[in-house]
file target-v2.csv (CSV, C-alpha atoms and all ligand atoms)
chain,number,residue,atom,x,y,z
S,1,MET,CA,28.2,-7.3,-23.9
S,2,SER,CA,31.8,-6.4,-23.7
S,3,ALA,CA,33.3,-4.5,-20.8
S,4,LEU,CA,34.5,-2.0,-23.3
S,5,HIS,CA,31.1,-0.4,-23.5
S,6,PHE,CA,31.6,0.8,-19.9
S,7,THR,CA,34.9,2.5,-20.5
S,8,VAL,CA,32.9,5.4,-21.8
S,9,THR,CA,31.7,7.0,-18.7
S,10,PHE,CA,28.4,8.8,-19.1
S,11,LEU,CA,29.2,11.6,-16.7
S,12,LEU,CA,32.9,11.5,-17.6
S,13,LEU,CA,33.8,10.5,-14.1
S,14,THR,CA,37.4,9.9,-15.0
S,15,LEU,CA,38.2,10.7,-11.4
S,16,LEU,CA,36.8,7.3,-10.6
S,17,LEU,CA,38.8,5.5,-13.3
S,18,GLU,CA,42.1,4.8,-11.7
S,19,VAL,CA,44.7,2.2,-12.4
S,20,ASN,CA,46.2,2.4,-8.9
S,21,LYS,CA,43.5,2.0,-6.3
S,22,ALA,CA,44.7,3.7,-3.3
S,23,LYS,CA,43.6,2.0,-0.1
S,24,SER,CA,42.8,5.4,1.4
S,25,GLN,CA,39.9,5.7,-1.0
S,26,SER,CA,37.9,3.0,0.8
S,27,PHE,CA,35.4,5.7,1.7
S,28,ILE,CA,33.9,6.0,-1.8
S,29,GLY,CA,31.0,3.7,-2.5
S,30,VAL,CA,28.1,3.6,-4.9
S,31,ASN,CA,24.4,2.7,-4.8
S,32,TYR,CA,23.2,-0.1,-7.1
S,33,GLY,CA,19.4,0.4,-7.4
S,34,GLN,CA,17.5,-2.2,-9.4
S,35,VAL,CA,14.2,-0.6,-10.3
S,36,ALA,CA,15.0,-1.0,-13.9
S,37,ASP,CA,14.5,-3.5,-16.8
S,38,ASN,CA,17.7,-2.5,-18.7
S,39,LEU,CA,20.5,-3.2,-16.3
S,40,PRO,CA,23.7,-4.8,-17.4
S,41,SER,CA,24.4,-8.4,-16.2
S,42,PRO,CA,25.8,-8.8,-12.7
S,43,ALA,CA,29.1,-10.0,-14.3
S,44,ALA,CA,29.4,-6.8,-16.4
S,45,THR,CA,28.6,-4.6,-13.4
S,46,SER,CA,31.2,-6.4,-11.3
S,47,LYS,CA,33.7,-5.8,-14.1
S,48,LEU,CA,32.7,-2.1,-14.3
S,49,LEU,CA,33.2,-1.6,-10.6
S,50,GLN,CA,36.6,-3.3,-10.6
S,51,SER,CA,37.7,-0.8,-13.3
S,52,THR,CA,37.0,2.1,-11.0
S,53,SER,CA,38.3,3.2,-7.6
S,54,ILE,CA,34.9,2.5,-6.1
S,55,GLN,CA,35.5,0.2,-3.2
S,56,LYS,CA,32.0,-0.5,-1.9
S,57,VAL,CA,28.6,-1.0,-3.4
S,58,ARG,CA,25.2,-0.8,-1.7
S,59,LEU,CA,22.3,-3.0,-2.8
S,60,TYR,CA,18.8,-2.2,-1.6
S,61,GLY,CA,18.0,-5.9,-1.3
S,62,SER,CA,20.2,-9.0,-1.4
S,63,ASP,CA,20.3,-9.9,-5.0
S,64,ALA,CA,22.0,-13.3,-5.1
S,65,ALA,CA,23.4,-13.0,-8.6
S,66,MET,CA,25.0,-9.6,-7.8
S,67,ILE,CA,26.4,-10.8,-4.5
S,68,LYS,CA,28.0,-13.8,-6.2
S,69,ALA,CA,29.3,-11.7,-9.1
S,70,LEU,CA,31.2,-9.6,-6.5
S,71,ALA,CA,32.9,-12.6,-4.9
S,72,SER,CA,36.7,-12.4,-4.7
S,73,THR,CA,36.7,-8.8,-5.9
S,74,GLY,CA,37.4,-7.3,-2.5
S,75,ILE,CA,34.6,-4.9,-3.0
S,76,GLY,CA,32.6,-4.3,0.2
S,77,ILE,CA,28.9,-5.1,-0.1
S,78,VAL,CA,26.0,-3.5,1.8
S,79,ILE,CA,22.8,-5.4,1.6
S,80,GLY,CA,19.3,-4.6,2.9
S,81,THR,CA,16.2,-6.2,4.1
S,82,ALA,CA,12.9,-5.1,2.6
S,83,ASN,CA,10.7,-3.0,4.8
S,84,GLY,CA,8.0,-5.6,4.3
S,85,ASP,CA,10.3,-8.2,6.1
S,86,ILE,CA,10.6,-6.1,9.2
S,87,PRO,CA,7.5,-7.5,11.0
S,88,ALA,CA,8.7,-11.1,10.6
S,89,LEU,CA,12.3,-10.2,11.4
S,90,ALA,CA,11.1,-8.6,14.6
S,91,SER,CA,8.7,-11.3,15.8
S,92,ASP,CA,10.4,-14.4,14.7
S,93,SER,CA,14.1,-15.0,15.5
S,94,ASN,CA,14.0,-18.1,13.2
S,95,PHE,CA,13.0,-16.0,10.3
S,96,ALA,CA,15.9,-13.6,11.1
S,97,LYS,CA,18.3,-16.5,11.3
S,98,ASN,CA,17.1,-17.9,8.0
S,99,TRP,CA,17.4,-14.5,6.4
S,100,VAL,CA,20.9,-14.0,7.6
S,101,ASP,CA,21.9,-17.6,6.7
S,102,THR,CA,20.5,-17.3,3.2
S,103,ASN,CA,21.5,-13.8,2.3
S,104,GLU,CA,24.8,-13.4,4.2
S,105,VAL,CA,26.3,-16.5,5.7
S,106,ALA,CA,25.9,-18.4,2.4
S,107,TYR,CA,28.2,-16.0,0.6
S,108,TYR,CA,30.6,-15.1,3.3
S,109,PRO,CA,33.6,-14.6,3.2
S,110,ALA,CA,34.0,-14.9,-0.6
S,111,SER,CA,31.6,-12.0,-1.0
S,112,LYS,CA,32.6,-9.3,1.4
S,113,ILE,CA,29.4,-8.2,3.0
S,114,ILE,CA,30.1,-5.5,5.5
S,115,LEU,CA,26.7,-4.1,6.5
S,116,ILE,CA,23.1,-5.1,6.6
S,117,ASN,CA,20.5,-2.3,6.5
S,118,VAL,CA,17.3,-3.3,8.1
S,119,GLY,CA,14.7,-1.4,6.0
S,120,ASN,CA,15.0,1.9,4.3
S,121,GLU,CA,13.7,5.3,5.6
S,122,VAL,CA,11.4,3.5,8.0
S,123,ILE,CA,11.3,6.0,10.8
S,124,MET,CA,9.9,8.7,8.6
S,125,SER,CA,7.5,6.4,6.8
S,126,GLY,CA,4.5,7.3,9.0
S,127,ASP,CA,3.7,3.6,9.5
S,128,ASN,CA,3.7,3.3,13.2
S,129,ASN,CA,3.4,-0.5,13.2
S,130,LEU,CA,6.5,-0.8,11.1
S,131,ILE,CA,8.4,1.8,13.1
S,132,SER,CA,7.7,0.0,16.4
S,133,GLN,CA,9.2,-3.2,14.9
S,134,LEU,CA,12.3,-1.7,13.5
S,135,LEU,CA,14.5,-2.0,16.5
S,136,PRO,CA,13.5,-5.5,17.5
S,137,ALA,CA,14.1,-6.5,13.8
S,138,MET,CA,17.6,-5.0,14.0
S,139,GLN,CA,18.3,-6.8,17.2
S,140,ASN,CA,17.2,-10.2,15.8
S,141,VAL,CA,19.4,-9.7,12.7
S,142,LYS,CA,22.3,-8.8,15.0
S,143,ASN,CA,21.6,-11.9,17.2
S,144,ALA,CA,21.6,-14.1,14.1
S,145,LEU,CA,24.9,-12.7,13.0
S,146,ASP,CA,26.4,-13.2,16.4
S,147,ALA,CA,25.2,-16.8,16.4
S,148,ALA,CA,27.0,-17.3,13.1
S,149,SER,CA,30.1,-15.7,14.6
S,150,LEU,CA,29.9,-12.8,12.2
S,151,GLY,CA,28.8,-10.2,14.7
S,152,ASP,CA,32.2,-8.5,14.6
S,153,LYS,CA,32.6,-8.4,10.9
S,154,VAL,CA,29.1,-7.4,9.7
S,155,LYS,CA,27.4,-4.4,11.1
S,156,VAL,CA,23.6,-3.9,11.3
S,157,SER,CA,22.0,-0.5,10.7
S,158,THR,CA,19.1,1.2,8.9
S,159,VAL,CA,18.9,4.2,6.5
S,160,HIS,CA,17.3,7.5,7.2
S,161,SER,CA,16.3,10.5,5.1
S,162,MET,CA,17.3,14.1,6.0
S,163,THR,CA,13.7,14.8,7.0
S,164,LEU,CA,14.6,13.2,10.3
S,165,LEU,CA,16.2,16.5,11.2
S,166,LYS,CA,13.9,19.2,12.4
S,167,GLN,CA,16.6,21.8,12.1
S,168,SER,CA,19.8,21.7,10.0
S,169,GLU,CA,20.8,25.4,9.7
S,170,PRO,CA,23.2,26.5,11.0
S,171,PRO,CA,24.9,23.1,11.2
S,172,SER,CA,25.7,23.5,14.9
S,173,SER,CA,22.0,23.7,15.7
S,174,GLY,CA,21.2,20.5,13.9
S,175,SER,CA,18.6,18.5,15.8
S,176,PHE,CA,16.3,15.5,15.2
S,177,ASP,CA,12.6,16.0,15.1
S,178,PRO,CA,11.4,15.1,18.6
S,179,ALA,CA,8.3,13.5,16.9
S,180,TYR,CA,10.6,10.5,16.3
S,181,GLY,CA,11.6,10.5,20.0
S,182,ASP,CA,12.1,7.2,21.7
S,183,MET,CA,12.2,5.1,18.6
S,184,LEU,CA,15.1,7.1,17.2
S,185,LYS,CA,16.8,7.0,20.5
S,186,GLY,CA,16.5,3.2,20.6
S,187,VAL,CA,18.0,2.9,17.2
S,188,LEU,CA,20.9,5.3,18.1
S,189,ALA,CA,21.5,3.3,21.3
S,190,PHE,CA,21.7,0.2,19.1
S,191,ASN,CA,24.2,1.9,16.7
S,192,ASN,CA,26.2,3.0,19.7
S,193,ALA,CA,26.3,-0.3,21.5
S,194,THR,CA,27.1,-2.3,18.4
S,195,GLY,CA,29.5,0.1,16.7
S,196,SER,CA,27.4,0.4,13.6
S,197,PRO,CA,27.1,3.6,11.6
S,198,PHE,CA,24.2,6.0,11.5
S,199,ALA,CA,23.2,6.0,7.8
S,200,ILE,CA,21.6,9.0,6.2
S,201,ASN,CA,20.9,10.5,2.8
S,202,PRO,CA,21.9,14.2,2.4
S,203,TYR,CA,21.0,15.7,-1.0
S,204,PRO,CA,22.2,19.2,-1.6
S,205,PHE,CA,20.2,19.0,-4.9
S,206,PHE,CA,17.0,19.2,-2.9
S,207,ALA,CA,18.3,22.1,-0.8
S,208,TYR,CA,19.0,24.0,-4.0
S,209,ARG,CA,15.6,23.1,-5.4
S,210,SER,CA,13.9,24.8,-2.5
S,211,ASP,CA,16.3,27.8,-2.6
S,212,PRO,CA,17.3,28.2,-6.3
S,213,ARG,CA,19.6,31.2,-6.1
S,214,PRO,CA,22.9,31.2,-8.0
S,215,GLU,CA,24.9,31.5,-4.8
S,216,THR,CA,23.1,28.5,-3.4
S,217,LEU,CA,24.0,26.5,-6.5
S,218,ALA,CA,27.7,27.4,-6.1
S,219,PHE,CA,27.5,26.4,-2.5
S,220,CYS,CA,25.8,23.1,-3.4
S,221,LEU,CA,28.2,22.3,-6.2
S,222,PHE,CA,31.5,23.0,-4.2
S,223,GLN,CA,32.2,25.9,-6.5
S,224,PRO,CA,33.6,29.3,-5.4
S,225,ASN,CA,31.2,31.1,-3.1
S,226,SER,CA,31.4,33.3,-0.1
S,227,GLY,CA,30.3,30.6,2.3
S,228,ARG,CA,27.7,30.5,5.0
S,229,LEU,CA,28.7,31.5,8.5
S,230,ASP,CA,27.6,29.5,11.4
S,231,GLY,CA,27.1,32.2,14.0
S,232,ASN,CA,27.4,29.8,17.0
S,233,THR,CA,30.8,28.3,16.0
S,234,LYS,CA,32.1,31.1,13.7
S,235,ILE,CA,32.8,28.4,11.1
S,236,ASN,CA,32.3,29.6,7.6
S,237,TYR,CA,30.9,26.6,5.7
S,238,MET,CA,32.0,26.5,2.0
S,239,ASN,CA,29.7,23.8,0.7
S,240,MET,CA,26.3,22.3,1.4
S,241,PHE,CA,27.5,18.7,1.8
S,242,ASP,CA,29.7,19.6,4.8
S,243,ALA,CA,26.9,21.7,6.2
S,244,GLN,CA,24.4,18.9,6.0
S,245,VAL,CA,26.7,16.2,7.4
S,246,ASP,CA,27.8,18.5,10.2
S,247,ALA,CA,24.1,19.2,11.0
S,248,VAL,CA,23.7,15.4,11.4
S,249,ARG,CA,26.8,15.3,13.6
S,250,SER,CA,25.4,18.1,15.8
S,251,ALA,CA,22.1,16.3,16.1
S,252,LEU,CA,23.8,13.0,17.1
S,253,ASP,CA,26.1,14.9,19.6
S,254,ALA,CA,23.1,16.7,21.1
S,255,MET,CA,21.6,13.3,22.0
S,256,GLY,CA,24.8,12.1,23.5
S,257,PHE,CA,26.0,9.9,20.7
S,258,LYS,CA,29.3,11.5,20.0
S,259,ASN,CA,30.9,8.1,19.1
S,260,VAL,CA,28.3,7.0,16.5
S,261,GLU,CA,29.8,7.4,13.1
S,262,ILE,CA,27.9,8.8,10.1
S,263,VAL,CA,27.7,7.1,6.8
S,264,VAL,CA,26.3,8.9,3.8
S,265,ALA,CA,24.2,6.1,2.4
S,266,GLU,CA,23.1,8.2,-0.6
S,267,THR,CA,24.0,11.5,-2.2
S,268,GLY,CA,23.9,12.5,-5.8
S,269,TRP,CA,22.6,15.0,-8.4
S,270,PRO,CA,20.3,14.2,-11.4
S,271,TYR,CA,21.6,15.0,-14.9
S,272,LYS,CA,18.0,15.6,-16.2
S,273,GLY,CA,14.7,16.7,-14.8
S,274,ASP,CA,11.3,18.1,-15.7
S,275,SER,CA,11.0,21.7,-16.6
S,276,ASP,CA,10.1,22.6,-13.0
S,277,GLU,CA,13.1,20.8,-11.6
S,278,VAL,CA,15.6,23.5,-11.3
S,279,GLY,CA,19.3,22.5,-11.4
S,280,ALA,CA,19.0,19.1,-12.9
S,281,SER,CA,21.5,19.1,-15.7
S,282,ILE,CA,24.5,17.2,-17.0
S,283,GLU,CA,26.8,20.1,-16.2
S,284,ASN,CA,25.6,20.3,-12.6
S,285,ALA,CA,25.6,16.5,-12.1
S,286,LYS,CA,29.2,16.4,-13.3
S,287,ALA,CA,30.2,19.3,-11.1
S,288,TYR,CA,28.5,17.8,-8.0
S,289,ASN,CA,29.9,14.3,-8.3
S,290,GLY,CA,33.3,15.3,-9.5
S,291,ASN,CA,33.8,18.0,-6.8
S,292,LEU,CA,32.4,15.7,-4.1
S,293,ILE,CA,34.8,13.0,-5.0
S,294,ALA,CA,37.7,15.4,-5.0
S,295,HIS,CA,36.6,16.8,-1.6
S,296,LEU,CA,36.4,13.3,-0.1
S,297,ARG,CA,39.8,12.4,-1.6
S,298,SER,CA,41.3,15.6,-0.1
S,299,MET,CA,40.8,14.0,3.4
S,300,VAL,CA,40.0,17.5,4.7
S,301,GLY,CA,36.8,16.2,6.2
S,302,THR,CA,34.1,18.5,7.5
S,303,PRO,CA,34.6,21.4,10.0
S,304,LEU,CA,33.2,19.3,12.8
S,305,MET,CA,35.0,16.1,11.7
S,306,PRO,CA,38.3,17.2,10.3
S,307,GLY,CA,41.0,15.1,8.8
S,308,LYS,CA,39.0,12.1,7.6
S,309,SER,CA,36.4,11.5,5.0
S,310,VAL,CA,32.9,10.2,5.8
S,311,ASP,CA,32.0,7.0,4.1
S,312,THR,CA,29.9,8.1,1.1
S,313,TYR,CA,27.8,6.1,-1.3
S,314,LEU,CA,27.2,7.9,-4.5
S,315,PHE,CA,23.7,7.7,-6.0
S,316,ALA,CA,23.7,5.9,-8.3
S,317,LEU,CA,25.6,3.5,-10.5
S,318,TYR,CA,22.9,3.4,-13.2
S,319,ASP,CA,19.6,5.1,-14.0
S,320,GLU,CA,16.5,3.3,-12.8
S,321,ASN,CA,14.1,3.6,-15.7
S,322,LEU,CA,11.1,2.1,-13.9
S,323,LYS,CA,11.1,4.5,-11.0
S,324,SER,CA,8.0,6.6,-10.7
S,325,GLY,CA,7.9,10.3,-9.9
S,326,PRO,CA,9.5,13.3,-11.7
S,327,THR,CA,12.1,12.7,-14.5
S,328,SER,CA,15.0,13.3,-12.1
S,329,GLU,CA,14.1,10.1,-10.2
S,330,ARG,CA,15.1,8.2,-13.3
S,331,SER,CA,18.2,10.3,-14.1
S,332,PHE,CA,20.8,9.9,-11.4
S,333,GLY,CA,23.0,7.3,-13.1
S,334,LEU,CA,26.7,7.8,-13.2
S,335,TYR,CA,27.2,5.2,-15.9
S,336,ARG,CA,24.9,4.5,-18.8
S,337,SER,CA,23.7,1.0,-19.4
S,338,PRO,CA,24.9,0.0,-22.8
S,339,ILE,CA,21.3,-1.2,-23.6
S,340,SER,CA,19.5,1.9,-22.4
S,341,PRO,CA,18.1,4.2,-25.1
S,401,LIG,C1,27.5,4.5,24.1
S,401,LIG,O1,28.3,3.3,24.3
S,401,LIG,C2,29.3,3.5,25.3
S,401,LIG,C3,30.1,2.2,25.3
S,401,LIG,O2,29.4,1.1,25.3
S,401,LIG,C4,28.6,3.7,26.7
S,401,LIG,O3,29.6,3.9,27.7
S,401,LIG,C5,27.8,5.0,26.5
S,401,LIG,O4,27.0,5.2,27.7
S,401,LIG,C6,26.8,4.9,25.4
S,401,LIG,N1,26.2,6.2,25.2
S,401,LIG,C7,24.9,6.4,25.2
S,401,LIG,C8,24.4,7.8,25.0
S,401,LIG,O5,24.1,5.5,25.3
call {"tool": "encode", "arguments": {"input": "target-v2.csv", "output": "structure tokens", "more": "lines below"}}
Ligand SMILES: *[C@@H]1O[C@H](CO)[C@@H](O)[C@H](O)[C@H]1NC(C)=O
result
Amino acid sequence: MSALHFTVTFLLLTLLLEVNKAKSQSFIGVNYGQVADNLPSPAATSKLLQSTSIQKVRLYGSDAAMIKALASTGIGIVIGTANGDIPALASDSNFAKNWVDTNEVAYYPASKIILINVGNEVIMSGDNNLISQLLPAMQNVKNALDAASLGDKVKVSTVHSMTLLKQSEPPSSGSFDPAYGDMLKGVLAFNNATGSPFAINPYPFFAYRSDPRPETLAFCLFQPNSGRLDGNTKINYMNMFDAQVDAVRSALDAMGFKNVEIVVAETGWPYKGDSDEVGASIENAKAYNGNLIAHLRSMVGTPLMPGKSVDTYLFALYDENLKSGPTSERSFGLYRSPISP
């Protein structure tokens, strides 16, 4: 499979195809999901990433072939532990040490692993046993990194969905659902104490789906609109992404964690959906992704975090054809696999 196949970008994200990779674009990453049976080889994917200005890639697990294929590319790698590994990571420090040695230490520093996410969307999983073991698991992974003298270079976090917020409008009133109470507070204290980011998945697409008016679409796609006034701060928000990220900022600040940074672990827009999935189209996916990238590159930031761009991982590099659920779930890919139909 020649790399040439990839030079035709499916969503025409020519914005990402840059000869000169400015250092200042280190905030643009991409998710590499693997729930698929038609993915290009790790070598081809590594080549593709190197042809773009994408500087970071998030794996959901710790696929050895992909981590190796990214060696010596300078591309930052986020890896994750499976939710199913959390009980063992929490209760057995040797298991945590082995996990870190096998999935991280073995590849470092050739492969530039920058963050380990312990589990994905655990706190809102409803599984109280798993939830109670999240923080001890994060602590054991952190201890194992410290023991390997990598504690300063590799951060430990976990990823949350926006449903963690009880309120997100207006942005200044953003707050977490008290139902997650002490557990969430413990994770935030860990983020704060270790300097790791709070990772969350804002999807303006879902906001539009629940409020499918034309002005909402323009607001979600960074297109001309009259904005939404936050009556508390008098800030007129011009796009949903900023509004959602600032709602998270407000929720963190309200709990006293003003120094904990936000990472957008996932955001994206599907190019295809079922007949009842309003807004899923090639045109909208191009507009969302293209305008989001331009917004991040502008370095304007959000109204509550001006002058810098939040680290953002686009969802996703490729379609995942084996995902269940509505058609949109299989239609977020920015690049088409050359062997997909
Ligand atoms: C966050 O960490 C700083 C520095 O370690 C500490 O002074 C502060 O009390 C922490 N904040 C919270 C809310 O725990």
call {"tool": "closest_residue", "arguments": {"input": "target-v2.csv", "among": "S:Gly195, S:Pro42, S:Gly174, S:Gly126", "to": "ligand LIG 401 (chain S)", "atoms": "all atoms listed in the file"}}
result
S:Gly195
call {"tool": "closest_residue", "arguments": {"input": "target-v2.csv", "among": "S:Ala207, S:Met124, S:Met255, S:Met183", "to": "ligand LIG 401 (chain S)", "atoms": "all atoms listed in the file"}}
result
S:Met255
call {"tool": "residues_around", "arguments": {"input": "target-v2.csv", "residues": "region 236-244 of chain S", "least_positions_apart": "2", "cutoff": "9 Å", "atoms": "all atoms listed in the file", "output": "number ranges by chain"}}
result
S: 162, 168-172, 174, 202-204, 207, 216, 218-231, 233-234, 246-249, 267, 292, 301-304
call {"tool": "write_last_selection", "arguments": {"input": "target-v2.csv", "atoms": "C-alpha atoms", "output": "PDB file, in the coordinates of the input"}}
result
ATOM      1  CA  MET S 162      17.300  14.100   6.000  1.00  0.00           C
ATOM      2  CA  SER S 168      19.800  21.700  10.000  1.00  0.00           C
ATOM      3  CA  GLU S 169      20.800  25.400   9.700  1.00  0.00           C
ATOM      4  CA  PRO S 170      23.200  26.500  11.000  1.00  0.00           C
ATOM      5  CA  PRO S 171      24.900  23.100  11.200  1.00  0.00           C
ATOM      6  CA  SER S 172      25.700  23.500  14.900  1.00  0.00           C
ATOM      7  CA  GLY S 174      21.200  20.500  13.900  1.00  0.00           C
ATOM      8  CA  PRO S 202      21.900  14.200   2.400  1.00  0.00           C
ATOM      9  CA  TYR S 203      21.000  15.700  -1.000  1.00  0.00           C
ATOM     10  CA  PRO S 204      22.200  19.200  -1.600  1.00  0.00           C
ATOM     11  CA  ALA S 207      18.300  22.100  -0.800  1.00  0.00           C
ATOM     12  CA  THR S 216      23.100  28.500  -3.400  1.00  0.00           C
ATOM     13  CA  ALA S 218      27.700  27.400  -6.100  1.00  0.00           C
ATOM     14  CA  PHE S 219      27.500  26.400  -2.500  1.00  0.00           C
ATOM     15  CA  CYS S 220      25.800  23.100  -3.400  1.00  0.00           C
ATOM     16  CA  LEU S 221      28.200  22.300  -6.200  1.00  0.00           C
ATOM     17  CA  PHE S 222      31.500  23.000  -4.200  1.00  0.00           C
ATOM     18  CA  GLN S 223      32.200  25.900  -6.500  1.00  0.00           C
ATOM     19  CA  PRO S 224      33.600  29.300  -5.400  1.00  0.00           C
ATOM     20  CA  ASN S 225      31.200  31.100  -3.100  1.00  0.00           C
ATOM     21  CA  SER S 226      31.400  33.300  -0.100  1.00  0.00           C
ATOM     22  CA  GLY S 227      30.300  30.600   2.300  1.00  0.00           C
ATOM     23  CA  ARG S 228      27.700  30.500   5.000  1.00  0.00           C
ATOM     24  CA  LEU S 229      28.700  31.500   8.500  1.00  0.00           C
ATOM     25  CA  ASP S 230      27.600  29.500  11.400  1.00  0.00           C
ATOM     26  CA  GLY S 231      27.100  32.200  14.000  1.00  0.00           C
ATOM     27  CA  THR S 233      30.800  28.300  16.000  1.00  0.00           C
ATOM     28  CA  LYS S 234      32.100  31.100  13.700  1.00  0.00           C
ATOM     29  CA  ASP S 246      27.800  18.500  10.200  1.00  0.00           C
ATOM     30  CA  ALA S 247      24.100  19.200  11.000  1.00  0.00           C
ATOM     31  CA  VAL S 248      23.700  15.400  11.400  1.00  0.00           C
ATOM     32  CA  ARG S 249      26.800  15.300  13.600  1.00  0.00           C
ATOM     33  CA  THR S 267      24.000  11.500  -2.200  1.00  0.00           C
ATOM     34  CA  LEU S 292      32.400  15.700  -4.100  1.00  0.00           C
ATOM     35  CA  GLY S 301      36.800  16.200   6.200  1.00  0.00           C
ATOM     36  CA  THR S 302      34.100  18.500   7.500  1.00  0.00           C
ATOM     37  CA  PRO S 303      34.600  21.400  10.000  1.00  0.00           C
ATOM     38  CA  LEU S 304      33.200  19.300  12.800  1.00  0.00           C
TER      39      LEU S 304
END
call {"tool": "atom_distance", "arguments": {"input": "target-v2.csv", "atom1": "CA of Asn129 (chain S)", "atom2": "CA of Ser93 (chain S)"}}
result
18.2 Å
call {"tool": "residues_around", "arguments": {"input": "target-v2.csv", "residues": "Ala65 (chain S)", "least_positions_apart": "3", "cutoff": "12 Å", "atoms": "only C-alpha atoms", "output": "PyMOL selection string"}}
result
chain S and resi 41-46+59+61-62+68-71+103+107+111
call {"tool": "decode", "arguments": {"input": "target-v2.csv", "residues": "region 111-123 of chain S", "atoms": "N, CA, C and O atoms", "output": "short mmCIF file (atom, residue, chain, number, x, y, z; two decimals), in the first residue's frame"}}
result
data_model
loop_
_atom_site.label_atom_id
_atom_site.label_comp_id
_atom_site.auth_asym_id
_atom_site.auth_seq_id
_atom_site.Cartn_x
_atom_site.Cartn_y
_atom_site.Cartn_z
N SER S 111 9.78 6.18 21.36
CA SER S 111 8.38 6.54 21.14
C SER S 111 7.99 7.51 22.24
O SER S 111 8.12 7.22 23.42
N LYS S 112 7.52 8.66 21.79
CA LYS S 112 7.33 9.78 22.73
C LYS S 112 5.97 9.73 23.42
O LYS S 112 5.05 10.49 23.08
N ILE S 113 5.84 8.82 24.37
CA ILE S 113 4.58 8.71 25.11
C ILE S 113 4.50 9.86 26.11
O ILE S 113 5.45 10.10 26.87
N ILE S 114 3.40 10.60 26.06
CA ILE S 114 3.30 11.81 26.89
C ILE S 114 2.22 11.71 27.97
O ILE S 114 2.23 12.48 28.92
N LEU S 115 1.28 10.79 27.79
CA LEU S 115 0.16 10.73 28.73
C LEU S 115 -0.40 9.31 28.75
O LEU S 115 -0.51 8.67 27.71
N ILE S 116 -0.74 8.85 29.96
CA ILE S 116 -1.44 7.57 30.10
C ILE S 116 -2.82 7.86 30.67
O ILE S 116 -2.94 8.42 31.76
N ASN S 117 -3.85 7.51 29.93
CA ASN S 117 -5.20 7.64 30.45
C ASN S 117 -5.60 6.32 31.11
O ASN S 117 -5.58 5.27 30.46
N VAL S 118 -5.93 6.40 32.38
CA VAL S 118 -6.39 5.21 33.08
C VAL S 118 -7.91 5.12 32.86
O VAL S 118 -8.69 5.86 33.45
N GLY S 119 -8.29 4.24 31.96
CA GLY S 119 -9.71 4.05 31.67
C GLY S 119 -10.33 5.18 30.86
O GLY S 119 -9.73 6.23 30.66
N ASN S 120 -11.51 4.93 30.37
CA ASN S 120 -12.23 5.87 29.52
C ASN S 120 -13.67 6.01 30.00
O ASN S 120 -14.38 5.02 30.11
N GLU S 121 -14.06 7.24 30.32
CA GLU S 121 -15.43 7.55 30.75
C GLU S 121 -15.90 6.62 31.87
O GLU S 121 -17.01 6.10 31.86
N VAL S 122 -15.02 6.46 32.88
CA VAL S 122 -15.32 5.55 34.00
C VAL S 122 -16.33 6.16 34.96
O VAL S 122 -17.28 5.48 35.39
N ILE S 123 -16.14 7.43 35.29
CA ILE S 123 -16.95 8.02 36.36
C ILE S 123 -18.44 8.04 36.02
O ILE S 123 -19.28 7.90 36.90
#
